[in-house]
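Just protein.csv here, CSV, C-alpha atoms:
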```
chain,number,residue,atom,x,y,z
A,1044,MET,CA,-31.2,134.6,-187.4
A,1045,ALA,CA,-33.1,137.2,-185.4
A,1046,LEU,CA,-32.8,140.8,-186.4
A,1047,PRO,CA,-30.9,142.0,-183.2
A,1048,MET,CA,-28.4,139.2,-183.7
A,1049,LEU,CA,-27.9,140.2,-187.4
A,1050,PHE,CA,-27.4,143.8,-186.4
A,1051,PHE,CA,-24.9,142.8,-183.7
A,1052,VAL,CA,-22.9,140.6,-186.1
A,1053,LEU,CA,-22.8,143.4,-188.7
A,1054,ILE,CA,-21.7,146.1,-186.3
A,1055,GLY,CA,-19.2,143.8,-184.6
A,1056,ALA,CA,-17.7,142.8,-188.0
A,1057,ILE,CA,-17.3,146.5,-188.8
A,1058,SER,CA,-15.7,147.1,-185.4
A,1059,VAL,CA,-13.2,144.3,-185.7
A,1060,ALA,CA,-12.3,145.3,-189.3
A,1061,ALA,CA,-11.7,148.9,-188.1
A,1062,ALA,CA,-9.5,147.6,-185.3
A,1063,VAL,CA,-7.5,145.5,-187.8
A,1064,GLY,CA,-7.2,148.6,-189.9
A,1065,VAL,CA,-5.8,150.6,-186.9
A,1066,VAL,CA,-3.1,148.0,-186.4
A,1067,GLY,CA,-2.4,147.3,-190.1
A,1068,SER,CA,-2.4,150.5,-192.0
A,1069,ARG,CA,0.8,152.2,-193.0
A,1070,GLN,CA,-0.3,155.8,-192.7
A,1071,PRO,CA,-1.0,157.1,-189.2
A,1072,VAL,CA,-3.8,159.2,-190.5
A,1073,HIS,CA,-5.6,156.1,-191.8
A,1074,SER,CA,-5.0,154.5,-188.4
A,1075,ALA,CA,-6.7,157.5,-186.7
A,1076,LEU,CA,-9.7,157.3,-189.0
A,1077,PHE,CA,-10.1,153.6,-188.5
A,1078,LEU,CA,-9.9,154.3,-184.8
A,1079,LEU,CA,-12.8,156.8,-185.2
A,1080,THR,CA,-14.8,154.1,-187.0
A,1081,ASN,CA,-14.2,151.7,-184.2
A,1082,PHE,CA,-15.3,154.2,-181.6
A,1083,VAL,CA,-18.5,155.0,-183.5
A,1084,THR,CA,-19.4,151.3,-183.8
A,1085,LEU,CA,-18.8,150.9,-180.1
A,1086,ALA,CA,-21.2,153.7,-179.4
A,1087,VAL,CA,-23.8,151.9,-181.5
A,1088,LEU,CA,-23.2,148.7,-179.5
A,1089,TYR,CA,-23.6,150.7,-176.2
A,1090,ILE,CA,-27.1,151.8,-177.5
A,1091,THR,CA,-28.0,148.1,-178.0
A,1092,LEU,CA,-26.7,147.5,-174.4
A,1093,GLU,CA,-29.1,149.9,-172.8
A,1094,ALA,CA,-26.5,152.6,-172.2
A,1095,GLN,CA,-27.6,155.6,-174.1
A,1096,PHE,CA,-25.8,158.2,-172.0
A,1097,LEU,CA,-22.5,156.3,-172.4
A,1098,ALA,CA,-23.1,156.1,-176.1
A,1099,ALA,CA,-23.4,159.9,-176.3
A,1100,ILE,CA,-20.4,160.4,-174.0
A,1101,GLN,CA,-18.4,157.9,-176.2
A,1102,VAL,CA,-19.1,160.0,-179.3
A,1103,ILE,CA,-18.4,163.3,-177.6
A,1104,ILE,CA,-15.2,162.3,-175.7
A,1105,TYR,CA,-13.6,159.7,-177.9
A,1106,ALA,CA,-14.7,160.6,-181.4
A,1107,GLY,CA,-14.9,164.3,-180.8
A,1108,GLY,CA,-12.0,164.8,-178.4
A,1109,ILE,CA,-9.4,162.1,-178.4
A,1110,VAL,CA,-9.3,161.3,-182.2
A,1111,ILE,CA,-9.2,165.0,-183.0
A,1112,LEU,CA,-6.2,165.4,-180.5
A,1113,ILE,CA,-4.4,162.5,-182.2
A,1114,LEU,CA,-5.0,164.0,-185.6
A,1115,PHE,CA,-3.7,167.3,-184.4
A,1116,VAL,CA,-0.5,165.6,-183.2
A,1117,ILE,CA,-0.1,163.7,-186.5
A,1118,MET,CA,-0.5,167.1,-188.2
A,1119,LEU,CA,2.1,168.7,-186.0
A,1120,LEU,CA,4.6,165.9,-186.3
A,1121,GLY,CA,4.2,165.4,-190.0
A,1122,SER,CA,2.6,162.2,-191.3
A,1123,GLU,CA,5.4,161.3,-193.7
A,1124,GLU,CA,8.1,161.4,-191.0
A,1125,ILE,CA,6.4,158.9,-188.6
A,1126,ASP,CA,5.4,156.1,-190.9
A,1127,GLY,CA,5.4,152.9,-189.0
A,1128,ASP,CA,7.9,150.8,-190.9
A,1129,ILE,CA,9.5,148.0,-188.9
A,1130,THR,CA,13.2,148.8,-189.4
A,1131,ASN,CA,14.7,145.9,-187.6
A,1132,GLN,CA,12.9,142.6,-187.9
A,1133,SER,CA,12.7,140.6,-184.7
A,1134,TRP,CA,10.7,137.7,-183.3
A,1135,THR,CA,8.4,139.9,-181.1
A,1136,GLY,CA,5.8,140.3,-183.8
A,1137,TYR,CA,5.3,136.5,-184.3
A,1138,ALA,CA,5.4,136.0,-180.5
A,1139,GLY,CA,2.8,138.7,-180.1
A,1140,LEU,CA,0.5,137.2,-182.7
A,1141,LEU,CA,0.9,133.7,-181.2
A,1142,LEU,CA,0.3,134.8,-177.6
A,1143,GLY,CA,-2.6,136.9,-178.8
A,1144,LEU,CA,-4.3,134.0,-180.5
A,1145,PHE,CA,-3.7,131.9,-177.4
A,1146,MET,CA,-5.2,134.5,-175.1
A,1147,LEU,CA,-8.2,135.0,-177.5
A,1148,SER,CA,-8.9,131.3,-177.8
A,1149,ALA,CA,-8.7,130.9,-174.0
A,1150,MET,CA,-11.1,133.8,-173.3
A,1151,ALA,CA,-13.5,132.7,-176.1
A,1152,PHE,CA,-13.6,129.2,-174.8
A,1153,ASN,CA,-14.5,130.4,-171.3
A,1154,PHE,CA,-17.1,132.9,-172.5
A,1155,LEU,CA,-18.9,130.3,-174.7
A,1156,ASN,CA,-19.9,128.4,-171.6
A,1157,ALA,CA,-20.7,131.4,-169.4
A,1158,PHE,CA,-23.0,134.4,-169.5
A,1159,GLY,CA,-25.1,132.7,-172.2
A,1160,GLU,CA,-28.5,132.8,-170.5
A,1161,MET,CA,-30.9,135.6,-171.4
A,1162,ASP,CA,-31.0,138.0,-168.5
A,1163,ALA,CA,-34.1,139.6,-167.2
A,1164,ASN,CA,-32.4,142.4,-165.3
A,1165,ALA,CA,-32.0,144.9,-168.2
A,1166,ALA,CA,-35.2,146.7,-167.4
A,1167,ALA,CA,-33.6,148.0,-164.2
A,1168,LEU,CA,-31.3,150.1,-166.2
A,1169,GLN,CA,-34.1,152.3,-167.7
A,1170,GLY,CA,-32.3,152.3,-171.0
A,1171,GLY,CA,-29.2,153.9,-169.4
A,1172,ALA,CA,-30.7,157.4,-169.9
A,1173,PRO,CA,-28.9,160.4,-168.5
A,1174,LYS,CA,-31.2,160.8,-165.6
A,1175,PRO,CA,-30.6,157.5,-163.7
A,1176,VAL,CA,-26.9,157.6,-164.5
A,1177,GLY,CA,-26.7,161.2,-163.3
A,1178,LEU,CA,-28.6,160.4,-160.1
A,1179,ALA,CA,-26.2,157.5,-159.4
A,1180,LEU,CA,-23.2,159.7,-160.2
A,1181,PHE,CA,-24.2,162.6,-158.0
A,1182,THR,CA,-25.5,160.8,-155.0
A,1183,LYS,CA,-23.9,157.4,-154.4
A,1184,TYR,CA,-20.7,158.1,-156.3
A,1185,ILE,CA,-20.1,161.8,-155.6
A,1186,LEU,CA,-16.6,161.2,-154.1
A,1187,PRO,CA,-15.2,159.4,-157.2
A,1188,VAL,CA,-16.7,162.2,-159.4
A,1189,GLU,CA,-14.8,164.8,-157.3
A,1190,LEU,CA,-11.6,162.7,-157.5
A,1191,VAL,CA,-12.0,162.5,-161.3
A,1192,GLY,CA,-12.3,166.3,-161.4
A,1193,VAL,CA,-9.0,166.6,-159.4
A,1194,LEU,CA,-7.4,164.1,-161.8
A,1195,LEU,CA,-8.4,166.1,-164.9
A,1196,LEU,CA,-7.1,169.3,-163.3
A,1197,VAL,CA,-3.7,167.6,-162.6
A,1198,ALA,CA,-3.7,166.2,-166.2
A,1199,LEU,CA,-4.4,169.7,-167.5
A,1200,ILE,CA,-1.5,171.3,-165.5
A,1201,GLY,CA,0.8,168.4,-166.5
A,1202,ALA,CA,0.1,168.7,-170.2
A,1203,LEU,CA,0.5,172.5,-170.0
A,1204,LEU,CA,3.9,172.2,-168.3
A,1205,MET,CA,5.0,169.4,-170.7
A,1206,GLY,CA,4.2,171.6,-173.7
A,1207,ARG,CA,5.4,174.9,-172.3
A,1208,PHE,CA,9.1,174.2,-171.8
A,1209,PRO,CA,10.4,172.2,-174.7
A,1210,SER,CA,13.9,171.0,-174.1
A,1211,LYS,CA,16.5,172.8,-176.3
A,1212,ARG,CA,19.0,170.0,-176.2
A,1213,VAL,CA,18.9,167.9,-179.4
A,1214,SER,CA,21.1,164.9,-179.1
B,844,MET,CA,-31.8,140.3,-177.3
B,845,VAL,CA,-28.2,139.3,-177.9
B,846,PRO,CA,-26.7,137.2,-175.1
B,847,THR,CA,-23.9,138.8,-173.0
B,848,ASN,CA,-21.2,136.3,-174.0
B,849,PHE,CA,-21.3,137.5,-177.6
B,850,TYR,CA,-20.4,141.0,-176.4
B,851,LEU,CA,-17.7,139.5,-174.2
B,852,ILE,CA,-16.2,137.5,-177.1
B,853,LEU,CA,-16.2,140.6,-179.4
B,854,SER,CA,-14.5,142.5,-176.6
B,855,ALA,CA,-11.8,139.9,-176.2
B,856,LEU,CA,-11.2,140.0,-179.9
B,857,LEU,CA,-10.8,143.8,-179.9
B,858,PHE,CA,-8.5,143.6,-176.9
B,859,THR,CA,-6.3,140.9,-178.6
B,860,ILE,CA,-6.0,143.0,-181.7
B,861,GLY,CA,-4.9,145.9,-179.5
B,862,VAL,CA,-2.3,143.8,-177.7
B,863,ALA,CA,-1.0,142.5,-181.0
B,864,GLY,CA,-0.7,146.1,-182.3
B,865,VAL,CA,1.2,147.2,-179.2
B,866,LEU,CA,3.6,144.3,-179.6
B,867,THR,CA,4.1,144.5,-183.3
B,868,ARG,CA,4.1,148.2,-184.3
B,869,ARG,CA,7.1,150.5,-183.9
B,870,ASN,CA,5.4,153.9,-184.2
B,871,ALA,CA,4.7,155.4,-180.8
B,872,LEU,CA,1.5,157.1,-182.0
B,873,ILE,CA,0.1,153.9,-183.4
B,874,ILE,CA,0.9,152.1,-180.1
B,875,PHE,CA,-1.0,154.9,-178.4
B,876,MET,CA,-4.0,154.2,-180.6
B,877,CYS,CA,-3.8,150.5,-179.8
B,878,VAL,CA,-3.9,151.3,-176.1
B,879,GLU,CA,-7.0,153.3,-176.7
B,880,LEU,CA,-8.5,150.3,-178.5
B,881,MET,CA,-7.8,148.1,-175.5
B,882,LEU,CA,-9.4,150.6,-173.1
B,883,ASN,CA,-12.5,150.7,-175.3
B,884,SER,CA,-12.8,146.9,-175.4
B,885,VAL,CA,-12.7,146.9,-171.6
B,886,ASN,CA,-15.4,149.5,-171.6
B,887,LEU,CA,-17.5,147.3,-173.8
B,888,THR,CA,-17.0,144.4,-171.3
B,889,LEU,CA,-18.1,146.6,-168.4
B,890,VAL,CA,-21.2,147.8,-170.1
B,891,ALA,CA,-22.2,144.3,-171.2
B,892,LEU,CA,-21.8,143.0,-167.7
B,893,SER,CA,-23.7,146.0,-166.3
B,894,ARG,CA,-26.7,145.0,-168.5
B,895,HIS,CA,-26.2,141.3,-167.5
B,896,TRP,CA,-26.6,142.1,-163.8
B,897,GLY,CA,-28.9,145.0,-164.2
B,898,ASN,CA,-27.2,147.7,-162.1
B,899,PHE,CA,-25.4,150.9,-162.8
B,900,ASN,CA,-22.0,150.2,-161.4
B,901,GLY,CA,-20.5,149.3,-164.8
B,902,HIS,CA,-21.8,152.5,-166.3
B,903,ILE,CA,-20.2,154.5,-163.5
B,904,PHE,CA,-16.9,152.6,-164.0
B,905,VAL,CA,-16.9,153.3,-167.7
B,906,PHE,CA,-17.5,157.0,-167.1
B,907,MET,CA,-14.5,157.1,-164.8
B,908,ILE,CA,-12.4,155.1,-167.3
B,909,MET,CA,-13.3,157.6,-170.0
B,910,ALA,CA,-12.1,160.5,-167.8
B,911,VAL,CA,-8.9,158.7,-167.1
B,912,ALA,CA,-8.5,158.0,-170.9
B,913,ALA,CA,-8.9,161.6,-171.7
B,914,ALA,CA,-6.3,162.6,-169.1
B,915,GLU,CA,-4.0,159.8,-170.4
B,916,VAL,CA,-4.3,161.1,-174.0
B,917,ALA,CA,-3.5,164.7,-173.0
B,918,ILE,CA,-0.4,163.7,-171.0
B,919,GLY,CA,0.7,161.0,-173.5
B,920,LEU,CA,0.6,163.2,-176.5
B,921,ALA,CA,2.4,166.0,-174.7
B,922,ILE,CA,5.1,163.5,-173.8
B,923,LEU,CA,5.2,162.3,-177.4
B,924,ILE,CA,5.6,165.9,-178.7
B,925,ALA,CA,8.3,166.7,-176.1
B,926,GLN,CA,10.2,163.5,-177.1
B,927,TYR,CA,9.9,164.5,-180.8
B,928,HIS,CA,11.4,167.9,-180.0
B,929,LEU,CA,14.2,166.1,-178.3
B,930,SER,CA,15.1,163.4,-180.8
B,931,LYS,CA,13.1,164.0,-183.9
B,932,THR,CA,11.7,160.5,-184.0
B,933,THR,CA,8.7,158.6,-182.8
B,934,ASN,CA,10.1,155.2,-183.5
B,935,ILE,CA,10.3,153.4,-180.2
B,936,ASP,CA,13.4,151.5,-181.3
B,937,GLU,CA,15.3,154.7,-181.4
B,938,ILE,CA,13.8,156.1,-178.2
B,939,ASN,CA,16.3,154.5,-175.9
B,940,LEU,CA,17.5,157.3,-173.7
B,941,MET,CA,16.6,155.5,-170.5
B,942,LYS,CA,17.8,152.1,-171.7
B,943,TRP,CA,20.9,151.3,-169.8
```
As a first step, turn the structure in this file into structure tokens.
Amino acid sequence: MALPMLFFVLIGAISVAAAVGVVGSRQPVHSALFLLTNFVTLAVLYITLEAQFLAAIQVIIYAGGIVILILFVIMLLGSEEIDGDITNQSWTGYAGLLLGLFMLSAMAFNFLNAFGEMDANAAALQGGAPKPVGLALFTKYILPVELVGVLLLVALIGALLMGRFPSKRVS
Amino acid sequence: MVPTNFYLILSALLFTIGVAGVLTRRNALIIFMCVELMLNSVNLTLVALSRHWGNFNGHIFVFMIMAVAAAEVAIGLAILIAQYHLSKTTNIDEINLMKW
């Protein structure tokens, strides 16, 4: 087995194990830390996929921002009060697992026969360095970048309003 | 170089784990994390296909998805905290104010 393949299998196994840990762990804090592991392994995979800029952004936004925000909320709400015990057993869990396995097998069966050839196009990406990505962002895709700026502003105002006036009614 | 379909299968696996988490867990915060897991698996698909075809469109798309995910996390956690102030729980079986 070639070295890049071995590396991919190792990182992919860590990623899948971390994802299973997110779903399966009892404590929300453990779930958040498994989520952090999953994000970091995905950043490593982005580097192997010629996307260095996105790997850096992945670490900064997801690992540095989103996981910290989730940990803050767990801290505010209290970890012991929000443990994820299933109070009333129902059939949805088994249906979810069954449908998930079905979807996974269907997708894997399709992907085994497609996209298998080695591609020679990867050199056009220049390693996904910040310079070509930034040039594409600020010339061809300038309108979506501006729209994302507006979206982030609206999200900022919305989060501010949502947190500023907590409802006093406790049912 | 690892072929593209290995990345696609890994991405499908991560997406399926995320879906199973959303369908089985009862804690709103953990469901939130599973949604993030699904978003990240889609990002992995887009980056892999971007390398496969050798253009930057997938990278740009992933950049936009990351911005939307950041906005979604800010709003979603704010809603979660407001809901917690209202009913002192994050169990989605007990959050049934809008269920008729």
Residues near Thr933 of chain B, anyone? I mean within 8 Å using all atoms listed in the file, not counting same-chain ones fewer than 6 positions away, as a PyMOL selection string.
(chain A and resi 1125) or (chain B and resi 870-872+923+926-927)
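Checking B:Cys877, B:Val862, B:Ala912, B:His902 one by one against Ser1074 of chain A, counting only C-alpha atoms, you find the shortest gap at B:Cys877.
The residue that comes closest to Asn883 of chain B, out of B:Asn900, B:Asn848, B:Ser854, B:Thr932 and on the basis of only C-alpha atoms, is B:Ser854.
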Of B:Arg869, B:Ile860, B:His895, B:Ala855, the one sitting nearest Glu937 of chain B when using all atoms listed in the file is B:Arg869
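Atom pair atom CA of Val1188 of chain A / atom CA of Ile874 of chain B: separated by 29.0 Å.
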Just checking: using all atoms listed in the file, which residue out of A:Leu1078, A:Leu1097, A:Pro1173, A:Gly1121 ends up closest to Leu889 of chain B?
A:Leu1097
